[in-house]
Amino acid sequence: MDSTAQRAGVDAFARVWAAALAETGYAGMDRDALVDRVREHTGVLVAALRAERFDPEPVERVGVALVELRLTAARTLAASVQLIGEDLLRVIGAEGDRAAASRVTAVQGAFAAGFANALRDKIFRDQEVIRRAALDARRGAESALLASEARFRAMFSQTAVGICISDAAGMVIDVNAALAGMLGYRLSQLRGVPVLKLRHPDEPTALTGPLDDMRAGLRDHYRAERLLRRADGSALRTDLSVSLVRDEVGAPQFLVAMAEDITERHRLQERLRHQANHDPLTGLANRSLFTERLAEVFGRGGDHRVGLCYLDIDGFKVINDSLGHHIGDQLLVAIAERLDRLVSTPDRLVARMGGDEFVVLCSGTTRRAMEELSDKILRALAEPVPIGGHRLGVSASIGLVERSVGDATPTETMRDADVTLYWAKADGKNRWIAYDPDRNAREVARFTLSARMPAAVESEEFYVDYQPIVRLSDGKLTGVEALVRWAHPELGRLGPDRFIGLAEETGLIVNLGRWVLREAAGQARRWRDRYGDGAPMVSVNLAARQTQEPDLVSDVETIIGAAGLPPSSIQLELTESAIMGTTGGPLRTLRQIADLGIRIAIDDFGTGYSNLAYLRHLPVHAIKLAGSFMEGLSATHPSDPADETIVTTLVSLSHALGHEVIAEGVEDSTQAERLRAIGCDSAQGWLFAKAGPPEEIERMLDAQLLTAPAPRRG
C-alpha cells in the first residue's frame, strides 16, 4: 500500500475511533481536537504493526493517554480494542497477512494493559486523594466541634441571657449562671428538677400547652412572655424562647430555653400604657381608654345594656377667669375624686373627656340605676369644695343615655349623650336630661332646616302671605301684615314658627328680613298702582337682630325708594321684648327709621314686663295687643273681667301716648264688639280672614269698593 492510501486509511480510522470515544466518554475537548489526538495514537499503533520487532511500550502509552484524557469507561476500552482488531489491518493493507494478524492481537493486549495499568494507578491516586480529604475533613470537623463546644460553653456560662437545657421528659439537665441568678438558686439546686417547678402558680395552666406540644414533637419553636417562680416565690417576668433539638431519627431529645428578664421593661411599658390611657391631671381614664372600654361593652352584643352619664361643669370658665387656672385645676381634681368614689366598681368607668367634661360608663345597667346615679352625682358636686381659701360650690349638666347595645353603635351613643348634655344646659343647667328620640328628631329637623335656609333664600322657596288689619269703627280694611312662609320641597308649607327662631339664631334673619321687606314693598307698590290712596298699609316684622345691623336704615330707605312708596305706607313691627330692650345703637336706628316717615309698631304688647315710662320715649306709632288677652273677651269663654280691664287700660294708655291700638287674634264677633266698645282702633284675626295670598286681599278690597257709598254730588 502506498503512503497516500495509508495516510487516508489512518485518517479514516482516527475519525471512527474518535467518534467511538466521544460516544463512550467525555474527553473535555471539541471533536476536531479529539480527532487530531487520536490520529497521533493511530500512527503509533500502525508503526507497532509494521516494526520488525514488536515493542509493547509505545502501544501501552496509547492506553495510558486515553486514561489521562479521562476516557476511563469500560465501554471505551471495549470499543477501542474492537476497532483495533477489526480495522487496523485494513489501514495498512495487510488483511490477509497472518503474521500481521497475530501482531494485532499483541497490539490489543499492550493497549489494554496500558489502559488497565493507567486506570488502576488513577484509582489508587483518587483513593489517596479521597483518603487525605477525609482525614482533613475529620480533623477540621473535630477542630470545629471543639471550637463550637468552646464557644457554646463560653456563651452558656458568660451570657446575661438565662439558658436551660431539659430532656424530653421535662427534667432540667443544665442551666447557666445567668438563669440561676435570675431565679435566686444555686446551679446545683436546679439540675435534675422538673421544669414545671419553675412555672409561677399565677400563670394560667393553659400556657403549658405549647411546651407539651414540643416534647411530643408537634412543634419546633415557641416564644412568649412567661412568668417564672423565683426561689422566694415571687414572679419573674421573662421573654422565653424555646427550641426543640431532635435526635438522628427525628425524635424529641432536648429542649433549649432562653429567658430574658423583662420585668423592668414590663413595668416601663405599664407606666407608658397608663400614661397613654389616663388623664395626667386627674388620673382618671382619658378619652382613648374610654373609647376602648365602650367598644368592649358594645362587643358583648345581644340584649346587654349600656349607660352613659355625660356631664359638664356649669360655669367652670368663670372660675378659671376669676380665680385662675391653678384653682380650676385643683377643682377638677377634687371633682374627679368625688366621681371616682361614686363609680369605682368593675362594671363602671369614669373618664375625663377634656376640659371640664366627664363621662361615666356603666355596663349591664338599667334606666332607673342611671337616673339614681345622675342624682347622686349632682348631690356630690353640690357639696362645697375648699380650695385655696375658697369654698367652691359647683353644679353640672348631665346628658343621660341608657339603651341596649344592639340598638345603636358606640359613635351614635356618644353623639346622643353629647346632644342630651346640650339639652340639659339649654334647659337651665344643674340637672340631668335623658335622651329623647322624639326631641332629637325635632332638633335634627331644626338643624336640617337651618342648613338649607341659605339656599332656600337664594332659590326663592320663601313666599309672603298677607293677613288683613280691619278698622273696627267701620270694618274697612286699612292694612295687612306680611307673614313669610316657606315652601319646603320635602316638608311642604312651613309657618314662621318653624323657622324664624332658627333664622334669628343663625343670623340668616338679616337676609330673610331684607327679602321679606323687598317682597312686601313690591306688593304694596302693585296695590297702590291699583287702588291709589285706598291701598292698605303693609306691616312687616322686624327682628331684634336686624336692628343691630349698621346698614338697616340704608337698606330700608333703598327698598322703599326703589318701590316708589310713600314711607307711611310701610309699618315695621318689633316684639315688645325686642323694642323695650333697645338702647344705644339699636334705639338710634329705630329713630332714624321713624324719621324717614316709616311707622313702627310694638307687636305682642302686654306679654312682657314693659317699662311704661320708657315707652313714652320710643319712636312708636302703634301698639298691637297680644292675642292672649282676647280669650277673656270671647263669647265661647266665660267673660274674664281682668282681661277686659287690662285691655281697657292698655288702650287708654296707648291713646294717651298718641299710639294707635291694633288687637291681634280676634276670632269671634263678640271680641270685636267689646274691643270696639273699649275704643280699640283696629283688629286682625280669623274673624276677618286668615293670612293668604295677595289675591285674597284684592278680593276684599274689590268687595269693599263695591259696597262703599257713592260720593255725594255737589
# chains A, B, ... in the order shown; residues from 1 in each chain; ligands from 1

$ select_by_dssp --residues "segment 45-239 of chain A" --states "strand (DSSP E or B)" --output "ChimeraX atom specification"
/A:162-167,171-175,194,199,221-229,235-239

$ select_by_dssp --residues "segment 525-581 of chain A" --states "helix (DSSP H, G or I)" --output "count of residues only"
34

$ atom_distance --atom1 "atom CA of Val457 of chain A" --atom2 "atom CA of Ile593 of chain A"
24.9 Å

$ residues_around --residues "Pro210 of chain A" --least-positions-apart "5" --cutoff "10 Å" --atoms "only C-alpha atoms" --output "list of chain:residue names"
A:Arg215, A:Ala216, A:Leu218, A:Arg219, A:Asp220, A:His221, A:Tyr222, A:Arg223, A:Ala224, A:Val242

$ residues_around --residues "segment 669-679 of chain A" --least-positions-apart "2" --cutoff "9 Å" --atoms "only C-alpha atoms" --output "list in words"
Leu472, Ser473, Met630, Glu631, Gly632, Leu633, Ser634, Ala635, Glu644, Val647, Thr648, Val651, Ser652, Val661, Ala663, Val666, Glu667, Asp681, Ser682, Ala683 and Leu687 of chain A

$ atom_distance --atom1 "atom CA of Leu281 of chain A" --atom2 "atom CA of Val385 of chain A"
17.3 Å

$ residues_around --residues "Arg599 of chain A" --least-positions-apart "5" --cutoff "7 Å" --atoms "only C-alpha atoms" --output "MDAnalysis selection string"
chainID A and resid 568 570:572 594 621

$ closest_residue --among "A:Pro468, A:Gly475, A:Gly522, A:Pro204" --to "Thr707 of chain A" --atoms "only C-alpha atoms"
A:Gly475

$ closest_residue --among "A:Leu255, A:Ala417, A:Ala48, A:Tyr435" --to "Ile163 of chain A" --atoms "only C-alpha atoms"
A:Leu255

$ residues_around --residues "segment 165-168 of chain A" --least-positions-apart "6" --cutoff "9 Å" --atoms "only C-alpha atoms" --output "PyMOL selection string"
chain A and resi 174-175+192+194-195+214-216+252-258

$ atom_distance --atom1 "atom CA of Tyr422 of chain A" --atom2 "atom CA of Gly399 of chain A"
7.4 Å

$ closest_residue --among "A:Glu481, A:Asp551, A:Asp702, A:Glu557" --to "Arg530 of chain A" --atoms "only C-alpha atoms"
A:Asp702

$ residues_around --residues "segment 489-501 of chain A" --least-positions-apart "5" --cutoff "10 Å" --atoms "only C-alpha atoms" --output "PyMOL selection string"
chain A and resi 445-446+449-450+453+456+461-462+483-484+506-509+512-513+543

$ write_last_selection --atoms "all heavy atoms" --output "tab-separated table (two decimals), in the first residue's frame"
chain	number	residue	atom	x	y	z
A	445	ALA	N	-84.40	67.99	62.74
A	445	ALA	CA	-85.19	68.71	61.74
A	445	ALA	C	-84.86	70.20	61.75
A	445	ALA	O	-84.74	70.83	60.69
A	445	ALA	CB	-86.68	68.49	62.01
A	446	ARG	N	-84.68	70.75	62.96
A	446	ARG	CA	-84.30	72.16	63.06
A	446	ARG	C	-82.94	72.40	62.40
A	446	ARG	O	-82.75	73.38	61.66
A	446	ARG	CB	-84.23	72.58	64.53
A	446	ARG	CG	-85.58	72.88	65.16
A	446	ARG	CD	-85.45	73.08	66.66
A	446	ARG	NE	-84.47	74.08	67.01
A	446	ARG	CZ	-84.71	75.39	67.07
A	446	ARG	NH1	-85.91	75.85	66.78
A	446	ARG	NH2	-83.77	76.24	67.42
A	449	LEU	N	-83.31	72.25	58.68
A	449	LEU	CA	-83.90	73.48	58.15
A	449	LEU	C	-82.89	74.62	58.12
A	449	LEU	O	-82.79	75.35	57.14
A	449	LEU	CB	-85.11	73.88	58.99
A	449	LEU	CG	-86.36	72.99	58.86
A	449	LEU	CD1	-87.45	73.46	59.80
A	449	LEU	CD2	-86.86	73.00	57.43
A	450	SER	N	-82.13	74.77	59.22
A	450	SER	CA	-81.16	75.86	59.28
A	450	SER	C	-80.07	75.68	58.24
A	450	SER	O	-79.55	76.65	57.69
A	450	SER	CB	-80.56	75.96	60.68
A	450	SER	OG	-79.80	74.80	60.99
A	453	MET	N	-81.60	76.69	54.85
A	453	MET	CA	-82.20	78.01	54.75
A	453	MET	C	-81.44	78.97	53.83
A	453	MET	O	-82.05	79.68	53.02
A	453	MET	CB	-82.37	78.62	56.14
A	453	MET	CG	-83.33	79.80	56.17
A	453	MET	SD	-83.59	80.42	57.84
A	453	MET	CE	-84.34	79.00	58.60
A	456	ALA	N	-82.36	78.23	50.44
A	456	ALA	CA	-83.78	78.47	50.22
A	456	ALA	C	-84.05	79.94	49.94
A	456	ALA	O	-84.92	80.28	49.13
A	456	ALA	CB	-84.58	78.01	51.44
A	461	GLU	N	-87.57	79.84	47.77
A	461	GLU	CA	-88.55	78.90	48.30
A	461	GLU	C	-89.50	79.60	49.27
A	461	GLU	O	-90.54	79.04	49.64
A	461	GLU	CB	-87.84	77.74	49.01
A	461	GLU	CG	-87.05	76.85	48.07
A	461	GLU	CD	-86.30	75.75	48.80
A	461	GLU	OE1	-86.55	75.57	50.01
A	461	GLU	OE2	-85.46	75.07	48.18
A	462	PHE	N	-89.13	80.80	49.72
A	462	PHE	CA	-89.98	81.55	50.64
A	462	PHE	C	-91.01	82.37	49.84
A	462	PHE	O	-90.77	82.77	48.69
A	462	PHE	CB	-89.14	82.49	51.50
A	462	PHE	CG	-88.28	81.77	52.50
A	462	PHE	CD1	-86.96	81.49	52.22
A	462	PHE	CD2	-88.80	81.36	53.72
A	462	PHE	CE1	-86.16	80.82	53.13
A	462	PHE	CE2	-88.01	80.68	54.64
A	462	PHE	CZ	-86.69	80.42	54.34
A	483	LEU	N	-96.66	88.09	56.29
A	483	LEU	CA	-96.20	86.93	57.06
A	483	LEU	C	-95.48	85.97	56.10
A	483	LEU	O	-96.07	85.46	55.15
A	483	LEU	CB	-97.38	86.22	57.72
A	483	LEU	CG	-98.15	87.08	58.74
A	483	LEU	CD1	-99.43	86.39	59.17
A	483	LEU	CD2	-97.27	87.37	59.96
A	484	VAL	N	-94.19	85.72	56.38
A	484	VAL	CA	-93.38	84.90	55.48
A	484	VAL	C	-93.70	83.42	55.70
A	484	VAL	O	-93.96	82.98	56.82
A	484	VAL	CB	-91.88	85.18	55.70
A	484	VAL	CG1	-91.43	84.79	57.09
A	484	VAL	CG2	-91.02	84.47	54.65
A	506	THR	N	-79.14	81.80	63.74
A	506	THR	CA	-78.03	81.66	62.79
A	506	THR	C	-77.63	82.97	62.13
A	506	THR	O	-76.64	83.03	61.42
A	506	THR	CB	-78.40	80.65	61.69
A	506	THR	OG1	-79.58	81.12	61.01
A	506	THR	CG2	-78.68	79.29	62.28
A	507	GLY	N	-78.42	84.03	62.35
A	507	GLY	CA	-78.12	85.30	61.72
A	507	GLY	C	-78.71	85.44	60.33
A	507	GLY	O	-78.60	86.50	59.70
A	508	LEU	N	-79.36	84.36	59.82
A	508	LEU	CA	-79.97	84.43	58.49
A	508	LEU	C	-81.19	85.32	58.46
A	508	LEU	O	-81.69	85.66	57.38
A	508	LEU	CB	-80.36	83.01	58.03
A	508	LEU	CG	-79.18	82.07	57.74
A	508	LEU	CD1	-79.70	80.66	57.50
A	508	LEU	CD2	-78.42	82.55	56.52
A	509	ILE	N	-81.67	85.73	59.64
A	509	ILE	CA	-82.84	86.60	59.69
A	509	ILE	C	-82.58	87.93	59.00
A	509	ILE	O	-83.50	88.58	58.49
A	509	ILE	CB	-83.26	86.82	61.17
A	509	ILE	CG1	-84.64	87.46	61.25
A	509	ILE	CG2	-82.21	87.64	61.90
A	509	ILE	CD1	-85.76	86.60	60.71
A	512	LEU	N	-83.09	87.20	55.29
A	512	LEU	CA	-84.50	86.85	55.10
A	512	LEU	C	-85.39	88.07	55.32
A	512	LEU	O	-86.33	88.32	54.55
A	512	LEU	CB	-84.88	85.72	56.06
A	512	LEU	CG	-86.33	85.22	55.97
A	512	LEU	CD1	-86.62	84.69	54.56
A	512	LEU	CD2	-86.59	84.13	57.01
A	513	GLY	N	-85.11	88.84	56.38
A	513	GLY	CA	-85.91	90.04	56.65
A	513	GLY	C	-85.82	91.06	55.54
A	513	GLY	O	-86.82	91.71	55.17
A	543	ALA	N	-86.92	91.75	63.18
A	543	ALA	CA	-86.32	91.04	64.31
A	543	ALA	C	-85.33	91.94	65.05
A	543	ALA	O	-84.75	92.87	64.47
A	543	ALA	CB	-85.60	89.78	63.82

$ closest_residue --among "A:Thr365, A:Thr547, A:Thr24, A:Asn430" --to "Asp303 of chain A" --atoms "only C-alpha atoms"
A:Thr365

$ decode --residues "segment 664-680 of chain A" --atoms "all heavy atoms" --output "PDB file, in the first residue's frame"
ATOM      1  N   GLU A 664    -104.706  91.768  68.170  1.00  0.00           N
ATOM      2  CA  GLU A 664    -104.396  90.562  67.402  1.00  0.00           C
ATOM      3  C   GLU A 664    -105.216  89.388  67.930  1.00  0.00           C
ATOM      4  O   GLU A 664    -105.642  89.376  69.086  1.00  0.00           O
ATOM      5  CB  GLU A 664    -102.913  90.218  67.505  1.00  0.00           C
ATOM      6  CG  GLU A 664    -101.996  91.239  66.873  1.00  0.00           C
ATOM      7  CD  GLU A 664    -100.535  90.803  66.933  1.00  0.00           C
ATOM      8  OE1 GLU A 664    -100.000  90.696  68.056  1.00  0.00           O
ATOM      9  OE2 GLU A 664     -99.947  90.575  65.870  1.00  0.00           O
ATOM     10  N   GLY A 665    -105.410  88.372  67.075  1.00  0.00           N
ATOM     11  CA  GLY A 665    -106.042  87.127  67.498  1.00  0.00           C
ATOM     12  C   GLY A 665    -107.529  87.235  67.722  1.00  0.00           C
ATOM     13  O   GLY A 665    -108.094  86.498  68.540  1.00  0.00           O
ATOM     14  N   VAL A 666    -108.218  88.117  67.017  1.00  0.00           N
ATOM     15  CA  VAL A 666    -109.667  88.264  67.158  1.00  0.00           C
ATOM     16  C   VAL A 666    -110.336  87.161  66.341  1.00  0.00           C
ATOM     17  O   VAL A 666    -110.145  87.090  65.120  1.00  0.00           O
ATOM     18  CB  VAL A 666    -110.120  89.659  66.680  1.00  0.00           C
ATOM     19  CG1 VAL A 666    -111.643  89.788  66.787  1.00  0.00           C
ATOM     20  CG2 VAL A 666    -109.423  90.737  67.499  1.00  0.00           C
ATOM     21  N   GLU A 667    -111.136  86.339  67.017  1.00  0.00           N
ATOM     22  CA  GLU A 667    -111.702  85.161  66.354  1.00  0.00           C
ATOM     23  C   GLU A 667    -113.224  85.151  66.308  1.00  0.00           C
ATOM     24  O   GLU A 667    -113.801  84.326  65.586  1.00  0.00           O
ATOM     25  CB  GLU A 667    -111.197  83.893  67.046  1.00  0.00           C
ATOM     26  CG  GLU A 667    -109.685  83.727  66.967  1.00  0.00           C
ATOM     27  CD  GLU A 667    -109.210  82.437  67.609  1.00  0.00           C
ATOM     28  OE1 GLU A 667    -110.049  81.752  68.230  1.00  0.00           O
ATOM     29  OE2 GLU A 667    -108.012  82.123  67.493  1.00  0.00           O
ATOM     30  N   ASP A 668    -113.905  85.981  67.111  1.00  0.00           N
ATOM     31  CA  ASP A 668    -115.375  85.996  67.018  1.00  0.00           C
ATOM     32  C   ASP A 668    -115.875  87.435  67.137  1.00  0.00           C
ATOM     33  O   ASP A 668    -115.158  88.353  67.545  1.00  0.00           O
ATOM     34  CB  ASP A 668    -116.006  85.084  68.079  1.00  0.00           C
ATOM     35  CG  ASP A 668    -115.649  85.470  69.505  1.00  0.00           C
ATOM     36  OD1 ASP A 668    -115.774  86.663  69.850  1.00  0.00           O
ATOM     37  OD2 ASP A 668    -115.226  84.575  70.275  1.00  0.00           O
ATOM     38  N   SER A 669    -117.134  87.609  66.778  1.00  0.00           N
ATOM     39  CA  SER A 669    -117.719  88.958  66.725  1.00  0.00           C
ATOM     40  C   SER A 669    -117.860  89.577  68.106  1.00  0.00           C
ATOM     41  O   SER A 669    -117.840  90.805  68.249  1.00  0.00           O
ATOM     42  CB  SER A 669    -119.080  88.890  66.026  1.00  0.00           C
ATOM     43  OG  SER A 669    -119.945  87.971  66.702  1.00  0.00           O
ATOM     44  N   THR A 670    -118.018  88.737  69.138  1.00  0.00           N
ATOM     45  CA  THR A 670    -118.124  89.278  70.496  1.00  0.00           C
ATOM     46  C   THR A 670    -116.842  89.996  70.874  1.00  0.00           C
ATOM     47  O   THR A 670    -116.874  91.087  71.468  1.00  0.00           O
ATOM     48  CB  THR A 670    -118.416  88.143  71.493  1.00  0.00           C
ATOM     49  OG1 THR A 670    -119.625  87.486  71.126  1.00  0.00           O
ATOM     50  CG2 THR A 670    -118.538  88.684  72.908  1.00  0.00           C
ATOM     51  N   GLN A 671    -115.715  89.374  70.576  1.00  0.00           N
ATOM     52  CA  GLN A 671    -114.428  90.022  70.853  1.00  0.00           C
ATOM     53  C   GLN A 671    -114.329  91.353  70.113  1.00  0.00           C
ATOM     54  O   GLN A 671    -113.900  92.364  70.672  1.00  0.00           O
ATOM     55  CB  GLN A 671    -113.277  89.101  70.436  1.00  0.00           C
ATOM     56  CG  GLN A 671    -113.147  87.842  71.271  1.00  0.00           C
ATOM     57  CD  GLN A 671    -112.115  86.880  70.695  1.00  0.00           C
ATOM     58  OE1 GLN A 671    -111.858  86.881  69.494  1.00  0.00           O
ATOM     59  NE2 GLN A 671    -111.556  86.035  71.563  1.00  0.00           N
ATOM     60  N   ALA A 672    -114.731  91.348  68.838  1.00  0.00           N
ATOM     61  CA  ALA A 672    -114.649  92.579  68.051  1.00  0.00           C
ATOM     62  C   ALA A 672    -115.552  93.664  68.623  1.00  0.00           C
ATOM     63  O   ALA A 672    -115.167  94.849  68.695  1.00  0.00           O
ATOM     64  CB  ALA A 672    -115.029  92.280  66.600  1.00  0.00           C
ATOM     65  N   GLU A 673    -116.768  93.285  69.041  1.00  0.00           N
ATOM     66  CA  GLU A 673    -117.705  94.264  69.585  1.00  0.00           C
ATOM     67  C   GLU A 673    -117.185  94.860  70.887  1.00  0.00           C
ATOM     68  O   GLU A 673    -117.275  96.078  71.104  1.00  0.00           O
ATOM     69  CB  GLU A 673    -119.069  93.594  69.800  1.00  0.00           C
ATOM     70  CG  GLU A 673    -120.158  94.548  70.256  1.00  0.00           C
ATOM     71  CD  GLU A 673    -120.386  95.674  69.243  1.00  0.00           C
ATOM     72  OE1 GLU A 673    -120.308  95.427  68.030  1.00  0.00           O
ATOM     73  OE2 GLU A 673    -120.604  96.822  69.698  1.00  0.00           O
ATOM     74  N   ARG A 674    -116.622  94.030  71.747  1.00  0.00           N
ATOM     75  CA  ARG A 674    -116.092  94.546  73.017  1.00  0.00           C
ATOM     76  C   ARG A 674    -114.885  95.441  72.773  1.00  0.00           C
ATOM     77  O   ARG A 674    -114.711  96.463  73.447  1.00  0.00           O
ATOM     78  CB  ARG A 674    -115.728  93.387  73.935  1.00  0.00           C
ATOM     79  CG  ARG A 674    -116.950  92.669  74.484  1.00  0.00           C
ATOM     80  CD  ARG A 674    -116.567  91.539  75.431  1.00  0.00           C
ATOM     81  NE  ARG A 674    -117.755  90.890  75.979  1.00  0.00           N
ATOM     82  CZ  ARG A 674    -117.732  89.817  76.761  1.00  0.00           C
ATOM     83  NH1 ARG A 674    -116.567  89.247  77.061  1.00  0.00           N
ATOM     84  NH2 ARG A 674    -118.855  89.299  77.224  1.00  0.00           N
ATOM     85  N   LEU A 675    -114.046  95.069  71.837  1.00  0.00           N
ATOM     86  CA  LEU A 675    -112.894  95.908  71.514  1.00  0.00           C
ATOM     87  C   LEU A 675    -113.342  97.256  70.966  1.00  0.00           C
ATOM     88  O   LEU A 675    -112.763  98.310  71.289  1.00  0.00           O
ATOM     89  CB  LEU A 675    -111.996  95.189  70.492  1.00  0.00           C
ATOM     90  CG  LEU A 675    -111.198  94.001  71.013  1.00  0.00           C
ATOM     91  CD1 LEU A 675    -110.578  93.227  69.845  1.00  0.00           C
ATOM     92  CD2 LEU A 675    -110.087  94.467  71.975  1.00  0.00           C
ATOM     93  N   ARG A 676    -114.396  97.220  70.129  1.00  0.00           N
ATOM     94  CA  ARG A 676    -114.915  98.474  69.585  1.00  0.00           C
ATOM     95  C   ARG A 676    -115.455  99.346  70.711  1.00  0.00           C
ATOM     96  O   ARG A 676    -115.230 100.574  70.724  1.00  0.00           O
ATOM     97  CB  ARG A 676    -116.014  98.166  68.555  1.00  0.00           C
ATOM     98  CG  ARG A 676    -116.508  99.402  67.803  1.00  0.00           C
ATOM     99  CD  ARG A 676    -117.620  99.051  66.816  1.00  0.00           C
ATOM    100  NE  ARG A 676    -117.183  98.062  65.836  1.00  0.00           N
ATOM    101  CZ  ARG A 676    -117.641  96.840  65.779  1.00  0.00           C
ATOM    102  NH1 ARG A 676    -118.538  96.415  66.688  1.00  0.00           N
ATOM    103  NH2 ARG A 676    -117.219  96.000  64.857  1.00  0.00           N
ATOM    104  N   ALA A 677    -116.126  98.705  71.665  1.00  0.00           N
ATOM    105  CA  ALA A 677    -116.678  99.466  72.790  1.00  0.00           C
ATOM    106  C   ALA A 677    -115.581 100.053  73.664  1.00  0.00           C
ATOM    107  O   ALA A 677    -115.722 101.155  74.211  1.00  0.00           O
ATOM    108  CB  ALA A 677    -117.591  98.560  73.619  1.00  0.00           C
ATOM    109  N   ILE A 678    -114.494  99.317  73.815  1.00  0.00           N
ATOM    110  CA  ILE A 678    -113.371  99.790  74.636  1.00  0.00           C
ATOM    111  C   ILE A 678    -112.672 100.965  73.965  1.00  0.00           C
ATOM    112  O   ILE A 678    -112.086 101.821  74.626  1.00  0.00           O
ATOM    113  CB  ILE A 678    -112.393  98.634  74.893  1.00  0.00           C
ATOM    114  CG1 ILE A 678    -113.038  97.609  75.845  1.00  0.00           C
ATOM    115  CG2 ILE A 678    -111.068  99.119  75.468  1.00  0.00           C
ATOM    116  CD1 ILE A 678    -112.232  96.330  75.989  1.00  0.00           C
ATOM    117  N   GLY A 679    -112.745 100.997  72.632  1.00  0.00           N
ATOM    118  CA  GLY A 679    -112.087 102.074  71.908  1.00  0.00           C
ATOM    119  C   GLY A 679    -110.877 101.631  71.127  1.00  0.00           C
ATOM    120  O   GLY A 679    -110.100 102.483  70.660  1.00  0.00           O
ATOM    121  N   CYS A 680    -110.699 100.332  70.973  1.00  0.00           N
ATOM    122  CA  CYS A 680    -109.572  99.820  70.184  1.00  0.00           C
ATOM    123  C   CYS A 680    -109.763 100.245  68.728  1.00  0.00           C
ATOM    124  O   CYS A 680    -110.880 100.216  68.202  1.00  0.00           O
ATOM    125  CB  CYS A 680    -109.526  98.303  70.303  1.00  0.00           C
ATOM    126  SG  CYS A 680    -108.121  97.565  69.445  1.00  0.00           S
TER     127      CYS A 680
END
